[in-house]
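Structure file input39.cif; described as mmCIF, C-alpha atoms and all ligand atoms.
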```cif
data_model
loop_
_atom_site.label_atom_id
_atom_site.label_comp_id
_atom_site.auth_asym_id
_atom_site.auth_seq_id
_atom_site.Cartn_x
_atom_site.Cartn_y
_atom_site.Cartn_z
CA MET A 131 -7.15 27.50 -8.90
CA PRO A 132 -4.60 24.67 -8.73
CA PHE A 133 -4.73 22.31 -5.73
CA LEU A 134 -1.34 23.43 -4.46
CA GLN A 135 0.02 26.81 -5.44
CA LEU A 136 3.44 28.09 -4.41
CA SER A 137 3.84 31.76 -5.31
CA GLY A 138 7.10 33.66 -5.17
CA LEU A 139 8.44 31.56 -2.29
CA THR A 140 11.74 32.89 -0.98
CA LYS A 141 13.79 31.73 1.99
CA ARG A 142 16.92 33.46 3.26
CA PHE A 143 19.21 32.15 5.98
CA GLY A 144 21.21 35.30 6.73
CA GLU A 145 23.26 35.90 3.59
CA VAL A 146 22.29 32.58 1.99
CA VAL A 147 19.34 32.66 -0.37
CA ALA A 148 18.21 29.02 -0.16
CA VAL A 149 15.06 29.45 -2.27
CA GLU A 150 14.37 32.39 -4.53
CA ASP A 151 11.07 33.49 -6.06
CA PHE A 152 9.86 29.90 -6.47
CA SER A 153 6.42 29.46 -8.05
CA LEU A 154 4.81 26.14 -8.86
CA ALA A 155 1.28 24.86 -9.37
CA VAL A 156 0.36 21.24 -8.65
CA GLU A 157 -2.99 19.70 -9.62
CA LYS A 158 -4.94 17.29 -7.41
CA GLY A 159 -3.60 13.75 -7.69
CA GLU A 160 -0.45 14.82 -9.50
CA PHE A 161 3.03 13.48 -8.70
CA VAL A 162 5.61 16.25 -9.06
CA SER A 163 9.33 15.97 -8.30
CA LEU A 164 11.67 18.74 -7.23
CA LEU A 165 14.92 17.70 -8.87
CA GLY A 166 18.29 19.36 -8.53
CA PRO A 167 21.82 19.00 -7.19
CA SER A 168 22.58 19.00 -3.47
CA GLY A 169 22.17 22.44 -1.90
CA CYS A 170 19.81 23.85 -4.56
CA GLY A 171 16.98 24.45 -2.07
CA LYS A 172 14.75 21.37 -2.46
CA THR A 173 14.49 20.46 1.22
CA THR A 174 13.97 24.07 2.25
CA THR A 175 11.05 24.33 -0.20
CA LEU A 176 9.47 21.18 1.25
CA GLN A 177 10.08 22.34 4.83
CA MET A 178 8.23 25.57 4.10
CA ILE A 179 5.23 23.62 2.79
CA ALA A 180 5.41 21.30 5.82
CA GLY A 181 5.56 24.32 8.14
CA PHE A 182 8.97 23.57 9.68
CA GLU A 183 10.50 26.66 8.05
CA GLN A 184 8.84 30.06 7.73
CA PRO A 185 9.10 31.63 4.24
CA THR A 186 10.94 34.96 4.10
CA SER A 187 8.33 35.95 1.53
CA GLY A 188 5.81 34.34 -0.78
CA HIS A 189 2.65 32.29 -0.36
CA ILE A 190 1.53 28.67 -0.12
CA MET A 191 -2.08 27.84 -0.95
CA LEU A 192 -3.43 24.30 -0.50
CA ASN A 193 -6.98 23.51 -1.52
CA GLY A 194 -8.01 27.13 -1.13
CA ARG A 195 -6.34 27.65 2.28
CA HIS A 196 -3.36 29.90 3.04
CA LEU A 197 -0.95 27.43 4.65
CA GLU A 198 1.50 30.02 6.04
CA GLU A 199 -0.99 30.86 8.77
CA VAL A 200 -1.53 27.23 9.82
CA PRO A 201 0.89 25.67 12.36
CA ALA A 202 2.77 22.61 11.07
CA ARG A 203 0.84 20.14 13.22
CA ASN A 204 -2.50 21.37 11.87
CA ARG A 205 -1.59 21.27 8.19
CA GLY A 206 -2.61 17.62 7.93
CA LEU A 207 0.17 16.66 5.53
CA GLY A 208 1.78 13.26 5.13
CA ILE A 209 5.54 13.51 5.42
CA VAL A 210 8.33 11.00 4.80
CA PHE A 211 11.83 12.36 5.28
CA GLN A 212 15.03 10.44 4.82
CA THR A 213 15.73 10.90 8.51
CA TYR A 214 12.18 10.67 9.82
CA ALA A 215 12.80 7.63 12.00
CA LEU A 216 10.13 5.25 13.23
CA PHE A 217 9.47 4.88 16.96
CA PRO A 218 11.72 1.93 17.88
CA HIS A 219 9.71 0.87 20.94
CA MET A 220 6.48 0.57 18.95
CA THR A 221 5.40 -2.22 16.61
CA VAL A 222 4.64 -1.50 12.97
CA GLU A 223 0.93 -1.12 13.62
CA GLU A 224 1.51 1.07 16.66
CA ASN A 225 3.78 3.29 14.60
CA VAL A 226 1.14 3.62 11.90
CA ALA A 227 -1.66 4.16 14.44
CA PHE A 228 0.18 6.93 16.28
CA GLY A 229 -0.99 9.83 14.08
CA LEU A 230 -4.60 8.65 14.32
CA GLU A 231 -4.37 8.40 18.10
CA MET A 232 -3.06 11.99 18.24
CA ARG A 233 -6.09 13.03 16.23
CA GLY A 234 -8.42 11.34 18.69
CA ILE A 235 -9.72 8.69 16.30
CA ASP A 236 -11.42 5.86 18.22
CA LYS A 237 -9.91 2.41 18.54
CA LYS A 238 -12.14 0.57 16.10
CA GLU A 239 -11.76 3.15 13.36
CA ARG A 240 -8.00 3.24 14.02
CA ALA A 241 -7.66 -0.51 13.57
CA ARG A 242 -9.58 -0.33 10.31
CA LYS A 243 -7.46 2.51 8.89
CA VAL A 244 -4.15 0.97 10.01
CA ALA A 245 -5.08 -2.33 8.39
CA GLY A 246 -5.92 -0.49 5.16
CA ALA A 247 -2.64 1.44 5.12
CA LEU A 248 -0.58 -1.68 5.83
CA GLU A 249 -2.46 -3.48 3.07
CA LEU A 250 -1.59 -0.65 0.68
CA VAL A 251 2.15 -0.92 1.38
CA GLN A 252 1.95 -4.75 1.51
CA LEU A 253 3.07 -5.11 5.11
CA ALA A 254 -0.09 -6.53 6.71
CA HIS A 255 1.81 -9.71 7.60
CA LEU A 256 4.42 -7.75 9.60
CA ALA A 257 2.01 -5.65 11.70
CA LYS A 258 3.34 -6.97 15.03
CA ARG A 259 7.04 -6.58 14.22
CA TYR A 260 9.37 -3.95 15.64
CA PRO A 261 11.21 -1.68 13.19
CA ARG A 262 14.64 -3.03 14.21
CA ALA A 263 13.67 -6.44 12.87
CA MET A 264 12.93 -5.05 9.39
CA SER A 265 14.94 -4.18 6.30
CA GLY A 266 15.48 -0.59 5.14
CA GLY A 267 12.92 -0.98 2.38
CA GLN A 268 10.32 -2.36 4.79
CA ARG A 269 10.93 0.49 7.23
CA GLN A 270 10.36 3.05 4.50
CA ARG A 271 7.08 1.28 3.67
CA VAL A 272 6.06 1.66 7.32
CA ALA A 273 6.98 5.35 7.17
CA LEU A 274 4.87 5.65 4.03
CA ALA A 275 1.93 3.85 5.67
CA ARG A 276 2.24 6.17 8.66
CA ALA A 277 2.15 9.21 6.38
CA LEU A 278 -0.79 7.93 4.33
CA VAL A 279 -2.99 6.61 7.15
CA ILE A 280 -4.17 10.11 8.07
CA GLU A 281 -5.41 10.49 4.47
CA PRO A 282 -3.36 13.63 3.89
CA GLU A 283 -4.30 16.18 1.26
CA LEU A 284 -0.67 16.30 0.29
CA LEU A 285 2.19 13.81 0.62
CA LEU A 286 5.68 15.26 0.99
CA LEU A 287 8.63 12.94 0.36
CA ASP A 288 12.22 14.09 0.90
CA GLU A 289 14.71 11.65 -0.64
CA PRO A 290 12.76 8.74 0.89
CA LEU A 291 14.69 6.06 -0.97
CA SER A 292 18.21 7.44 -0.78
CA ASN A 293 19.32 5.14 2.04
CA LEU A 294 18.40 2.02 0.08
CA ASP A 295 20.82 0.11 -2.13
CA ALA A 296 20.49 0.45 -5.91
CA LYS A 297 18.40 -2.62 -6.67
CA LEU A 298 15.98 -2.19 -3.79
CA ARG A 299 15.71 1.46 -4.65
CA GLU A 300 14.57 0.65 -8.17
CA GLU A 301 11.95 -1.79 -6.84
CA MET A 302 10.73 0.76 -4.31
CA GLN A 303 10.40 3.38 -7.04
CA LEU A 304 7.86 1.24 -8.88
CA GLU A 305 6.19 0.45 -5.57
CA LEU A 306 6.00 4.10 -4.58
CA ARG A 307 4.35 5.00 -7.87
CA ARG A 308 1.78 2.21 -7.44
CA ILE A 309 1.01 3.25 -3.86
CA GLN A 310 0.68 6.91 -4.85
CA GLN A 311 -1.71 6.05 -7.66
CA GLU A 312 -3.79 3.68 -5.54
CA ALA A 313 -4.07 6.25 -2.76
CA GLY A 314 -4.67 8.99 -5.35
CA VAL A 315 -2.73 11.39 -3.16
CA THR A 316 -1.17 14.58 -4.50
CA THR A 317 2.57 14.11 -4.03
CA LEU A 318 5.66 16.28 -4.01
CA LEU A 319 8.94 14.35 -4.04
CA VAL A 320 12.36 15.84 -3.46
CA THR A 321 15.26 14.02 -5.09
CA HIS A 322 18.70 14.64 -6.57
CA ASP A 323 18.35 11.40 -8.58
CA GLN A 324 17.27 12.17 -12.14
CA ASN A 325 16.26 8.57 -12.89
CA GLU A 326 14.05 8.51 -9.83
CA ALA A 327 12.42 11.80 -10.79
CA MET A 328 11.84 10.67 -14.37
CA ALA A 329 10.52 7.23 -13.42
CA LEU A 330 8.05 8.46 -10.83
CA SER A 331 6.72 11.84 -11.80
CA ASP A 332 3.97 13.29 -13.91
CA ARG A 333 6.10 16.43 -13.97
CA VAL A 334 9.60 17.35 -12.85
CA ALA A 335 10.56 20.76 -11.55
CA VAL A 336 14.29 21.24 -12.05
CA MET A 337 15.94 23.53 -9.47
CA HIS A 338 19.33 25.22 -9.52
CA HIS A 339 20.69 27.74 -6.99
CA GLY A 340 17.28 28.07 -5.29
CA ARG A 341 15.44 28.82 -8.51
CA LEU A 342 13.00 26.89 -10.66
CA MET A 343 14.66 26.33 -14.05
CA GLN A 344 12.11 24.24 -15.93
CA GLU A 345 8.93 22.40 -15.07
CA GLU A 346 7.35 19.93 -17.50
CA THR A 347 6.84 16.21 -18.12
CA PRO A 348 10.03 14.14 -17.79
CA PHE A 349 9.97 13.40 -21.54
CA HIS A 350 9.61 17.06 -22.46
CA VAL A 351 12.41 18.19 -20.16
CA TYR A 352 14.70 15.44 -21.46
CA GLU A 353 13.93 16.24 -25.09
CA ASN A 354 13.78 20.01 -24.81
CA PRO A 355 15.99 21.18 -21.96
CA LYS A 356 15.97 24.95 -21.65
CA SER A 357 19.61 25.19 -20.65
CA SER A 358 22.82 23.27 -20.87
CA PHE A 359 22.71 22.78 -17.08
CA ILE A 360 19.39 20.94 -17.44
CA SER A 361 20.57 18.88 -20.42
CA THR A 362 23.58 17.61 -18.46
CA PHE A 363 21.64 17.13 -15.23
CA LEU A 364 18.84 15.10 -16.83
CA GLY A 365 20.55 12.20 -18.55
CA LYS A 366 23.91 12.05 -20.30
CA THR A 367 24.74 14.42 -23.10
CA ASN A 368 27.55 15.72 -25.26
CA SER A 369 27.86 19.46 -24.62
CA LEU A 370 29.78 21.22 -27.39
CA ALA A 371 30.83 24.85 -27.53
CA ALA A 372 29.80 26.25 -30.91
CA THR A 373 29.04 29.41 -32.82
CA LEU A 374 25.64 29.91 -34.42
CA LYS A 375 26.40 31.48 -37.80
CA THR A 376 23.05 31.68 -39.56
CA THR A 377 19.55 30.38 -39.03
CA ASN A 378 16.25 30.32 -40.92
CA ASP A 379 13.06 28.21 -41.01
CA GLU A 380 14.85 25.33 -42.73
CA GLY A 381 17.75 25.02 -40.32
CA SER A 382 20.92 26.57 -39.01
CA ALA A 383 24.64 26.60 -39.73
CA LEU A 384 27.03 26.07 -36.83
CA ASP A 385 30.74 26.29 -36.39
CA CYS A 386 31.99 23.74 -33.91
CA ASN A 387 35.71 23.48 -33.28
CA GLY A 388 36.39 24.71 -36.84
CA MET A 389 33.91 22.27 -38.42
CA GLU A 390 30.76 23.33 -40.19
CA LEU A 391 27.69 21.52 -38.79
CA ALA A 392 24.03 21.61 -39.81
CA GLY A 393 21.54 22.21 -37.01
CA PRO A 394 17.79 22.68 -36.56
CA PRO A 395 16.21 26.16 -36.82
CA ALA A 396 17.50 28.21 -33.88
CA HIS A 397 15.60 30.54 -31.57
CA LEU A 398 18.85 32.22 -30.59
CA ARG A 399 20.87 35.09 -31.97
CA PRO A 400 23.98 34.29 -33.99
CA GLY A 401 27.04 34.04 -31.72
CA PRO A 402 28.46 31.64 -29.12
CA ILE A 403 26.06 28.89 -28.01
CA THR A 404 26.14 25.41 -26.48
CA VAL A 405 25.08 22.41 -28.54
CA SER A 406 23.72 19.36 -26.76
CA LEU A 407 23.71 15.98 -28.51
CA ARG A 408 22.40 12.94 -26.63
CA PRO A 409 24.72 9.91 -26.87
CA GLU A 410 21.88 7.59 -27.93
CA ARG A 411 21.14 9.78 -30.99
CA ILE A 412 24.58 9.21 -32.49
CA GLU A 413 24.77 6.34 -34.94
CA ILE A 414 27.72 4.32 -36.16
CA VAL A 415 27.61 4.43 -39.98
CA GLU A 416 29.67 3.64 -43.11
CA ALA A 417 32.62 5.95 -43.84
CA GLY A 418 30.74 7.65 -46.72
CA GLU A 419 27.85 8.79 -44.48
CA ALA A 420 29.97 10.06 -41.59
CA VAL A 421 29.71 13.52 -40.05
CA VAL A 422 32.87 12.79 -38.03
CA SER A 423 35.20 9.83 -37.60
CA GLY A 424 37.74 8.81 -35.01
CA PRO A 425 39.12 6.05 -32.79
CA VAL A 426 37.40 4.44 -29.81
CA ILE A 427 39.22 5.70 -26.71
CA GLU A 428 36.89 4.17 -24.12
CA ARG A 429 34.59 1.17 -24.24
CA ILE A 430 32.39 0.18 -21.32
CA PHE A 431 29.97 -2.75 -21.22
CA LEU A 432 26.85 -2.14 -19.10
CA GLY A 433 24.89 -5.32 -19.88
CA ASP A 434 21.94 -3.85 -21.72
CA GLN A 435 24.09 -1.24 -23.44
CA TRP A 436 27.57 -0.23 -24.54
CA LEU A 437 29.15 3.11 -23.76
CA PHE A 438 31.82 4.41 -26.12
CA ARG A 439 33.96 7.49 -26.09
CA ILE A 440 35.20 8.42 -29.56
CA GLU A 441 37.96 10.95 -30.23
CA THR A 442 36.68 13.22 -33.02
CA PRO A 443 37.51 16.62 -34.53
CA LEU A 444 34.58 17.98 -32.47
CA GLY A 445 36.20 16.68 -29.28
CA PRO A 446 35.51 13.39 -27.48
CA LEU A 447 31.94 12.18 -28.10
CA LEU A 448 30.00 9.82 -25.86
CA VAL A 449 28.01 7.23 -27.83
CA VAL A 450 25.52 4.77 -26.33
CA ARG A 451 24.41 1.61 -28.16
CA ARG A 452 21.86 -1.03 -27.20
CA ASN A 453 23.51 -4.39 -26.70
CA ARG A 454 21.99 -6.68 -29.31
CA GLY A 455 24.50 -9.44 -28.76
CA GLN A 456 26.51 -8.38 -31.78
CA ARG A 457 30.14 -7.47 -32.19
CA GLU A 458 30.84 -3.84 -31.30
CA PRO A 459 33.89 -1.68 -32.14
CA GLU A 460 37.07 -2.46 -30.21
CA HIS A 461 39.29 -0.06 -28.33
CA GLY A 462 41.41 1.88 -30.87
CA GLU A 463 39.21 0.97 -33.84
CA THR A 464 38.18 3.90 -36.04
CA VAL A 465 34.42 4.43 -36.24
CA HIS A 466 32.28 6.75 -38.33
CA LEU A 467 29.52 8.73 -36.65
CA ALA A 468 26.42 10.50 -37.93
CA TRP A 469 23.20 12.04 -36.59
CA THR A 470 20.31 13.95 -38.03
CA PRO A 471 20.56 17.72 -37.53
CA HIS A 472 17.23 17.95 -35.69
CA HIS A 473 18.67 15.89 -32.83
CA LEU A 474 20.98 18.77 -31.93
CA ARG A 475 19.67 21.05 -29.18
CA LEU A 476 20.88 24.60 -29.46
CA LEU A 477 21.10 26.23 -26.04
CA PRO A 478 22.19 29.60 -24.72
CA LYS A 479 25.84 29.61 -23.75
CA GLU A 480 26.31 29.44 -19.97
CA ASP A 481 29.20 31.15 -18.22
CA GLY A 482 30.45 28.06 -16.46
CA ALA A 483 27.76 28.58 -13.80
CA ALA A 484 26.65 24.96 -14.06
N1 LIG B 501 18.93 26.08 8.68
C1 LIG B 501 19.78 26.57 7.77
N2 LIG B 501 20.63 27.57 8.07
C2 LIG B 501 21.46 28.08 7.15
N3 LIG B 501 21.55 27.67 5.87
C3 LIG B 501 20.73 26.67 5.50
C4 LIG B 501 19.80 26.06 6.42
N4 LIG B 501 19.12 25.09 5.76
C5 LIG B 501 19.60 25.10 4.49
N5 LIG B 501 20.56 26.03 4.33
C6 LIG B 501 21.27 26.35 3.08
O1 LIG B 501 20.31 26.56 2.07
C7 LIG B 501 20.71 25.99 0.85
C8 LIG B 501 19.69 24.99 0.36
O2 LIG B 501 19.66 23.87 1.22
P1 LIG B 501 18.66 22.65 1.06
O3 LIG B 501 17.28 23.18 0.91
O4 LIG B 501 18.90 21.71 2.18
O5 LIG B 501 19.14 22.02 -0.32
P2 LIG B 501 18.85 20.58 -0.97
O6 LIG B 501 17.76 19.92 -0.20
O7 LIG B 501 18.49 20.88 -2.37
O8 LIG B 501 20.15 19.82 -0.89
C9 LIG B 501 22.08 25.40 1.09
O9 LIG B 501 23.05 26.35 0.72
C10 LIG B 501 22.10 25.19 2.58
O10 LIG B 501 23.40 25.23 3.08
MG MG B 502 17.79 18.03 0.80
#
```
Hey, can you dump this file as C-alpha cells for me?
Amino acid sequence: MPFLQLSGLTKRFGEVVAVEDFSLAVEKGEFVSLLGPSGCGKTTTLQMIAGFEQPTSGHIMLNGRHLEEVPARNRGLGIVFQTYALFPHMTVEENVAFGLEMRGIDKKERARKVAGALELVQLAHLAKRYPRAMSGGQRQRVALARALVIEPELLLLDEPLSNLDAKLREEMQLELRRIQQEAGVTTLLVTHDQNEAMALSDRVAVMHHGRLMQEETPFHVYENPKSSFISTFLGKTNSLAATLKTTNDEGSALDCNGMELAGPPAHLRPGPITVSLRPERIEIVEAGEAVVSGPVIERIFLGDQWLFRIETPLGPLLVVRRNRGQREPEHGETVHLAWTPHHLRLLPKEDGAA
C-alpha cells in the first residue's frame, strides 16, 4: 500500500469538471509535483487532500486512513498556499508556534520545536521579527516552518514560490528541496512552472483538463513524453506534422512537409502523427551531412546559450546551442542541420486540443 493513494478522484463544480478520475500513488518521503497549465485542476486536487473541498467521487488514503472522513483540521497536514498569509500581529516565532498551541503542546516543548523548525529554514536569527519587516522569500520560509513544525505526515505546497522574483525563486527552489530532504517529509507540490517541477521532484504528474496525463521521473517525462501536449509543456520542442509511412524494428519512414525523414521504430499505426524534436538535439553540420538547410531568421543570446530559429523545408526549426565563447551563425546566414533519427519522438496526432 503506498503512503498516499488517490483513487479515481473527481470534482465537479456544477457543469465544470475540475478534476476527473485522478489516481496517483505517492511513497513515503517522496517529492511529487502536480504540473499543468492554469485551470487544469491542480489546486482543486490539493484542496481535496487538504479537506477544503469535498470530492464528488473517489478516495484519498493516507498512511492507511481514509482521509475523506476526517475533517480538515484533524488531517494533520502541513500546508503552504500562495495566499496563505502569516499573522501580521505575531512575530515569526509566534506564527510558527501557533499550530502547536492549538494542539495543546506545552510551552517548553513548543519552544524546542519552534527553534528546530526555524533552524531548518535558516531563520533562527529573525525569530523576534514581524512578517512585515521581512522579504517575500523570508516570509515563505516562515510559512514553511509553520507547516513543518507540526511534523505533518504530508506537506502540501500550492505554488509557494510564484510570488517571488525569478532569481530568488531559483534560490528558494534549491532551498525547498534541501528542507524537504532534511525533514524527510512526503511532499506534493502544485506548480505551473515546468522548471520548478523538474528541479524539485522525484516524480512529476502532468495534468491537463483535470486528468492525469503522465507520471514519471522528470527525465523520463522529458525524454519520453506520451503526447505532443506534454512534449511542448515540458521544455521547448519542435512539433512537426508528419505522416508515418512504414515502420519496423530497425526504424521508420516519415513524410514531413513533402520531405522523406528517417525516424526510430514507431509504436503507432501508419498515418498522420506529430513528430517532436528537441532544439538541443539539432546540430549544425557541414553542408554534406545536412538533413535540412536554411537561413537564420532569429538569433537570441541568453548568456549560457544561443537560441536560433532556422527557416527550413520542414518549417521553422528552433535550435539551441551552448555558448562556448565561439562565433555563432549570424542573422541571414545559411546553416546546415542534422540529427540522429532516434532523437525524433513520434507521438499520436492531437486535434488541436493542446
Ligand atoms: N469553487 C469553484 N467553483 C467553480 N469552479 C471552480 C471552483 N474552483 C475551481 N473551479 C474551476 O475548476 C477548474 C480547475 O481549477 P483549479 O483547480 O484552480 O486549477 P489550477 O490550480 O490547475 O489552475 C477551473 O476551470 C476552475 O475555474
Ligand atoms: Mg491553482
Contact check, chain A to ligand MG 502 (chain B), at most 7 Å, counting all atoms listed in the file, closest pairs as a tab-separated table:
```
residue	atom	partner	partner_atom	distance
A:Ser168	CA	B:MG502	MG	6.5
A:Gly169	CA	B:MG502	MG	6.8
A:Lys172	CA	B:MG502	MG	5.6
A:Thr173	CA	B:MG502	MG	4.1
A:Asp288	CA	B:MG502	MG	6.8
```
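Neighbouring residues of Gln184 in chain A at 12 Å or closer, counting only C-alpha atoms and skipping chain neighbours under 2 positions away, are A:Leu139, A:Thr140, A:Lys141, A:Arg142, A:Phe143, A:Val149, A:Thr174, A:Thr175, A:Leu176, A:Gln177, A:Met178, A:Ile179, A:Ala180, A:Gly181, A:Phe182, A:Thr186, A:Ser187, A:Gly188, A:His189, A:Ile190, A:Leu197, A:Glu198, A:Glu199, A:Val200, A:Pro201, A:Ala202.
When all atoms listed in the file are used to measure the gap to Val162 in chain A, the shortest distance among A:Leu298, A:Leu248, A:Arg475, A:Val320 belongs to A:Val320.
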Do a neighbour search on Gln270 in chain A at 10 Å with only C-alpha atoms, toss out local chain neighbours closer than 2 positions, and write the hits as a PyMOL selection string.
-> chain A and resi 210-212+214-216+251+261+264-268+272-276+290-291+293-294+302
With C-alpha atoms retained, export the selected residues as a PDB file, in the frame of the given file.
```
ATOM      1  CA  VAL A 210       8.330  11.000   4.800  1.00  0.00           C
ATOM      2  CA  PHE A 211      11.830  12.360   5.280  1.00  0.00           C
ATOM      3  CA  GLN A 212      15.030  10.440   4.820  1.00  0.00           C
ATOM      4  CA  TYR A 214      12.180  10.670   9.820  1.00  0.00           C
ATOM      5  CA  ALA A 215      12.800   7.630  12.000  1.00  0.00           C
ATOM      6  CA  LEU A 216      10.130   5.250  13.230  1.00  0.00           C
ATOM      7  CA  VAL A 251       2.150  -0.920   1.380  1.00  0.00           C
ATOM      8  CA  PRO A 261      11.210  -1.680  13.190  1.00  0.00           C
ATOM      9  CA  MET A 264      12.930  -5.050   9.390  1.00  0.00           C
ATOM     10  CA  SER A 265      14.940  -4.180   6.300  1.00  0.00           C
ATOM     11  CA  GLY A 266      15.480  -0.590   5.140  1.00  0.00           C
ATOM     12  CA  GLY A 267      12.920  -0.980   2.380  1.00  0.00           C
ATOM     13  CA  GLN A 268      10.320  -2.360   4.790  1.00  0.00           C
ATOM     14  CA  VAL A 272       6.060   1.660   7.320  1.00  0.00           C
ATOM     15  CA  ALA A 273       6.980   5.350   7.170  1.00  0.00           C
ATOM     16  CA  LEU A 274       4.870   5.650   4.030  1.00  0.00           C
ATOM     17  CA  ALA A 275       1.930   3.850   5.670  1.00  0.00           C
ATOM     18  CA  ARG A 276       2.240   6.170   8.660  1.00  0.00           C
ATOM     19  CA  PRO A 290      12.760   8.740   0.890  1.00  0.00           C
ATOM     20  CA  LEU A 291      14.690   6.060  -0.970  1.00  0.00           C
ATOM     21  CA  ASN A 293      19.320   5.140   2.040  1.00  0.00           C
ATOM     22  CA  LEU A 294      18.400   2.020   0.080  1.00  0.00           C
ATOM     23  CA  MET A 302      10.730   0.760  -4.310  1.00  0.00           C
TER      24      MET A 302
END
```
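Of the listed residues A:Glu301, A:Glu289, A:Asp151, A:Glu157, the one whose atoms come nearest to ligand LIG 501 (chain B) is A:Glu289, with distances taken using only C-alpha atoms and all ligand atoms.
Nearest to ligand LIG 501 (chain B) of all the residues A:Thr316, A:Ser292, A:Asn225, A:Thr321 is A:Thr321, counting only C-alpha atoms and all ligand atoms.
Around Pro167 in chain A, within 9 Å and counting all atoms listed in the file, the residues found are Thr321, His322, Asp323, Met337, His338, His339 and Phe363 of chain A, once anything fewer than 6 positions away on its own chain is removed.
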Taking all atoms listed in the file into account, which of A:Thr373, A:Ser358, A:Ser153, A:Ser163 comes nearest ligand LIG 501 (chain B)?
-> A:Ser163
